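File shown: final.csv. Contents: CSV, C-alpha atoms.
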chain,number,residue,atom,x,y,z
A,1434,MET,CA,127.2,102.9,139.3
A,1435,GLU,CA,130.1,100.9,138.0
A,1436,ALA,CA,131.2,103.7,135.7
A,1437,ARG,CA,131.2,106.1,138.6
A,1438,ILE,CA,133.2,103.7,140.7
A,1439,GLU,CA,135.7,103.4,137.8
A,1440,LYS,CA,136.0,107.2,137.6
A,1441,ILE,CA,136.6,107.5,141.4
A,1442,LYS,CA,139.2,104.7,141.1
A,1443,GLN,CA,141.0,106.8,138.4
A,1444,GLN,CA,140.8,109.9,140.6
A,1445,LEU,CA,142.4,107.9,143.4
A,1446,GLN,CA,145.1,106.4,141.2
A,1447,SER,CA,146.0,109.8,139.7
A,1448,GLN,CA,146.9,110.9,143.2
A,1449,GLY,CA,148.8,107.7,144.0
A,1450,TYR,CA,146.1,105.9,146.0
A,1451,LYS,CA,144.4,102.6,145.3
A,1452,LEU,CA,140.7,101.7,145.5
A,1453,THR,CA,141.0,99.1,148.2
A,1454,PRO,CA,138.1,96.8,149.0
A,1455,GLN,CA,137.3,99.0,152.1
A,1456,ARG,CA,137.4,102.2,150.1
A,1457,GLU,CA,135.2,100.6,147.4
A,1458,ALA,CA,132.6,99.5,150.0
A,1459,THR,CA,132.5,103.0,151.4
A,1460,VAL,CA,132.1,104.5,147.9
A,1461,ARG,CA,129.3,102.0,147.1
A,1462,VAL,CA,127.4,103.1,150.2
A,1463,LEU,CA,127.8,106.7,149.2
A,1464,LEU,CA,126.5,106.0,145.7
A,1465,GLU,CA,123.6,103.9,147.0
A,1466,ASN,CA,122.6,106.7,149.4
A,1467,GLU,CA,123.5,109.6,147.1
A,1468,GLU,CA,120.4,111.6,148.0
A,1469,ASP,CA,121.1,111.6,151.7
A,1470,HIS,CA,123.7,113.6,153.6
A,1471,LEU,CA,125.3,110.7,155.6
A,1472,SER,CA,127.5,111.2,158.6
A,1473,ALA,CA,130.6,109.0,159.0
A,1474,GLU,CA,128.7,107.0,161.5
A,1475,ASP,CA,125.8,106.5,159.1
A,1476,VAL,CA,128.3,105.4,156.4
A,1477,PHE,CA,130.0,103.0,158.9
A,1478,MET,CA,126.7,101.4,159.8
A,1479,LEU,CA,125.8,100.8,156.2
A,1480,VAL,CA,129.3,99.6,155.2
A,1481,LYS,CA,129.3,97.1,158.1
A,1482,ASP,CA,126.3,95.4,156.5
A,1483,LYS,CA,128.4,94.8,153.4
A,1484,ALA,CA,131.9,94.3,155.0
A,1485,PRO,CA,131.7,93.5,158.7
A,1486,GLU,CA,135.5,93.5,159.1
A,1487,ILE,CA,135.7,97.3,158.4
A,1488,GLY,CA,136.3,99.5,161.4
A,1489,LEU,CA,135.0,103.0,162.0
A,1490,ALA,CA,138.5,104.5,161.8
A,1491,THR,CA,138.9,103.1,158.3
A,1492,VAL,CA,135.6,104.7,157.2
A,1493,TYR,CA,136.7,108.0,158.7
A,1494,ARG,CA,140.1,107.9,157.0
A,1495,THR,CA,138.4,106.9,153.7
A,1496,LEU,CA,135.9,109.8,153.9
A,1497,GLU,CA,138.7,112.3,154.8
A,1498,LEU,CA,140.7,111.1,151.8
A,1499,LEU,CA,137.7,111.3,149.5
A,1500,SER,CA,137.1,114.8,150.8
A,1501,GLU,CA,140.7,115.9,150.2
A,1502,LEU,CA,140.5,114.5,146.6
A,1503,HIS,CA,137.2,116.3,146.0
A,1504,VAL,CA,135.3,113.1,145.5
A,1505,VAL,CA,132.9,114.0,148.3
A,1506,GLU,CA,132.1,117.3,150.0
A,1507,LYS,CA,132.4,117.5,153.7
A,1508,MET,CA,129.6,119.6,155.1
A,1509,ASN,CA,128.4,120.8,158.5
A,1510,PHE,CA,124.8,121.9,158.9
A,1511,GLY,CA,125.3,123.5,162.3
A,1512,ASP,CA,124.6,120.4,164.3
A,1513,GLY,CA,128.2,119.6,164.9
A,1514,VAL,CA,128.1,116.5,162.7
A,1515,ALA,CA,130.2,116.3,159.6
A,1516,ARG,CA,128.1,115.0,156.7
A,1517,TYR,CA,129.3,113.8,153.3
A,1518,ASP,CA,127.8,114.7,149.9
A,1519,LEU,CA,129.1,112.8,146.8
A,1520,ARG,CA,130.2,115.3,144.2
A,1521,ASN,CA,128.4,114.8,140.9
A,1522,ASP,CA,130.0,115.4,137.5
A,1523,SER,CA,126.8,116.7,136.0
A,1524,THR,CA,126.7,119.8,138.3
A,1525,HIS,CA,129.3,122.5,138.0
A,1526,HIS,CA,128.4,123.8,141.4
A,1527,HIS,CA,126.9,122.2,144.4
A,1528,HIS,CA,123.3,122.5,145.2
A,1529,HIS,CA,122.1,124.7,148.1
A,1530,HIS,CA,120.5,123.6,151.3
A,1531,LEU,CA,117.5,124.7,153.4
A,1532,ILE,CA,118.3,123.5,156.9
A,1533,CYS,CA,115.5,123.4,159.5
A,1534,VAL,CA,116.7,124.5,162.9
A,1535,GLN,CA,113.8,122.8,164.6
A,1536,CYS,CA,113.6,119.3,163.1
A,1537,GLY,CA,116.9,119.0,161.4
A,1538,ALA,CA,115.4,118.4,157.9
A,1539,VAL,CA,117.6,119.4,155.0
A,1540,ASP,CA,116.0,120.2,151.7
A,1541,GLU,CA,118.0,120.9,148.5
A,1542,ILE,CA,117.7,123.7,146.0
A,1543,MET,CA,119.1,122.1,142.8
A,1544,GLU,CA,119.2,125.3,140.8
A,1545,ASP,CA,122.4,127.5,141.0
A,1546,TRP,CA,121.0,130.9,141.8
A,1547,LEU,CA,124.4,132.5,142.2
A,1548,THR,CA,125.5,132.3,138.5
A,1549,PRO,CA,124.7,136.1,137.9
A,1550,LEU,CA,126.7,137.0,141.0
A,1551,GLU,CA,129.7,134.8,139.9
A,1552,GLU,CA,129.6,136.5,136.5
A,1553,ARG,CA,129.6,140.0,138.2
A,1554,LEU,CA,132.5,139.0,140.4
A,1555,GLU,CA,134.5,138.0,137.4
A,1556,ARG,CA,133.6,141.1,135.4
A,1557,GLU,CA,134.0,143.7,138.1
A,1558,TYR,CA,136.7,142.1,140.3
A,1559,SER,CA,138.5,139.7,137.9
A,1560,PHE,CA,137.7,136.9,140.3
A,1561,ARG,CA,136.8,133.6,138.8
A,1562,VAL,CA,134.7,131.6,141.2
A,1563,LEU,CA,135.5,127.9,141.1
A,1564,ASP,CA,132.9,126.7,143.6
A,1565,HIS,CA,130.6,128.0,146.3
A,1566,ARG,CA,128.2,126.8,149.0
A,1567,LEU,CA,125.0,128.4,150.2
A,1568,ASP,CA,123.1,127.1,153.2
A,1569,PHE,CA,119.9,128.8,154.6
A,1570,GLN,CA,118.9,128.1,158.2
A,1571,GLY,CA,115.3,128.6,159.2
A,1572,ILE,CA,112.0,126.8,159.8
A,1573,CYS,CA,110.9,124.3,157.2
A,1574,TYR,CA,107.5,123.9,155.7
A,1575,ARG,CA,106.8,120.8,157.9
A,1576,CYS,CA,107.4,122.7,161.1
A,1577,ASN,CA,105.4,125.6,159.8
A,1578,GLY,CA,102.5,123.2,159.1
A,1579,LYS,CA,102.4,124.0,155.4
A,1580,ASP,CA,102.2,121.7,152.3
A,1581,LYS,CA,105.3,120.7,150.5
A,1582,PRO,CA,106.2,123.7,148.2
A,1583,ALA,CA,105.8,123.1,144.4
A,1584,ALA,CA,109.5,124.0,144.0
A,1585,LEU,CA,110.5,121.0,146.1
A,1586,ILE,CA,108.0,118.6,144.5
A,1587,LYS,CA,109.8,119.2,141.2
A,1588,GLN,CA,113.1,118.2,142.7
A,1589,GLN,CA,114.4,115.2,144.5
A,1590,PRO,CA,113.0,114.2,147.9
A,1591,SER,CA,114.1,116.0,151.0
A,1592,HIS,CA,116.4,114.4,153.5
A,1593,SER,CA,115.8,114.5,157.2
A,1594,GLN,CA,118.8,114.6,159.5
A,1595,ALA,CA,117.0,114.3,162.7

Full structure transcribed into structure tokens:
Amino acid sequence: MEARIEKIKQQLQSQGYKLTPQREATVRVLLENEEDHLSAEDVFMLVKDKAPEIGLATVYRTLELLSELHVVEKMNFGDGVARYDLRNDSTHHHHHHLICVQCGAVDEIMEDWLTPLEERLEREYSFRVLDHRLDFQGICYRCNGKDKPAALIKQQPSHSQA
């Protein structure tokens, strides 16, 4: 975790910002809950446990700054709530999401299924894709009364947003 905090500190410094204690507390919460898609309010509640003096506005400003600097990705799964996903150096592109419109669960597809399409776009349109997002909305296996699919068992656990 310390190495990732140091990298984020360098990203901030390269753009003229400091990793203040408030920003560091926010980053630590994001790292500790990396598998979840936390809202600003979720982050605030967890940061308050570590640093009670931090206000909600500070957490919002920190998340917006981290989003602008591409440290986190700001996402909306159609429920009107912005959620934050920490970017990971080990993945060129972001994972994809399966969003249940009934219970709000969000499952992740860690594979990048769009690589062939990106290669075709570059070959046929001279367009080099730098990033993409793909979210599927539907009814999850839980709401369908099915067992957890093997493809999800191989991956990280799902994250409920309900």

Mind running range 1498-1538 of chain A against range 1554-1574 of chain A at 6 Å and telling me each contacting residue's nearest atom pair with the distance in Å (one decimal), counting only C-alpha atoms, chain and number ascending, as a tab-separated table?
residue	atom	partner	partner_atom	distance
A:His1526	CA	A:Asp1564	CA	5.8
A:His1529	CA	A:Leu1567	CA	5.1
A:His1530	CA	A:Asp1568	CA	4.8
A:Leu1531	CA	A:Phe1569	CA	4.9
A:Ile1532	CA	A:Gln1570	CA	4.8
A:Cys1533	CA	A:Ile1572	CA	4.9
A:Val1534	CA	A:Gly1571	CA	5.7

When you look at range 1462-1472 of chain A with a cut-off of 7 Å (counting all atoms listed in the file), what residues show up, excluding the ones that are within fewer than 4 positions of it in the same chain? I need them as a ChimeraX atom specification.
/A:1458,1476,1479-1480,1514-1519,1592

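For the atom pair formed by CA of Ile1542 in chain A and CA of Ile1441 in chain A, the distance is 25.3 Å, given to one decimal.
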
Please list, as a ChimeraX atom specification, the residues that have an atom at most 12 Å away from (137.1, 110.8, 150.8) in the coordinates of this file, counting only C-alpha atoms.
/A:1441-1442,1444-1445,1450,1452,1455-1457,1459-1460,1463,1473,1476,1491-1507,1516-1520

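As for CA of Asn1577 in chain A and CA of Glu1541 in chain A, they are spaced 17.6 Å apart.
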
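We find CA of Met1543 in chain A and CA of Pro1582 in chain A to be spaced 14.1 Å apart.
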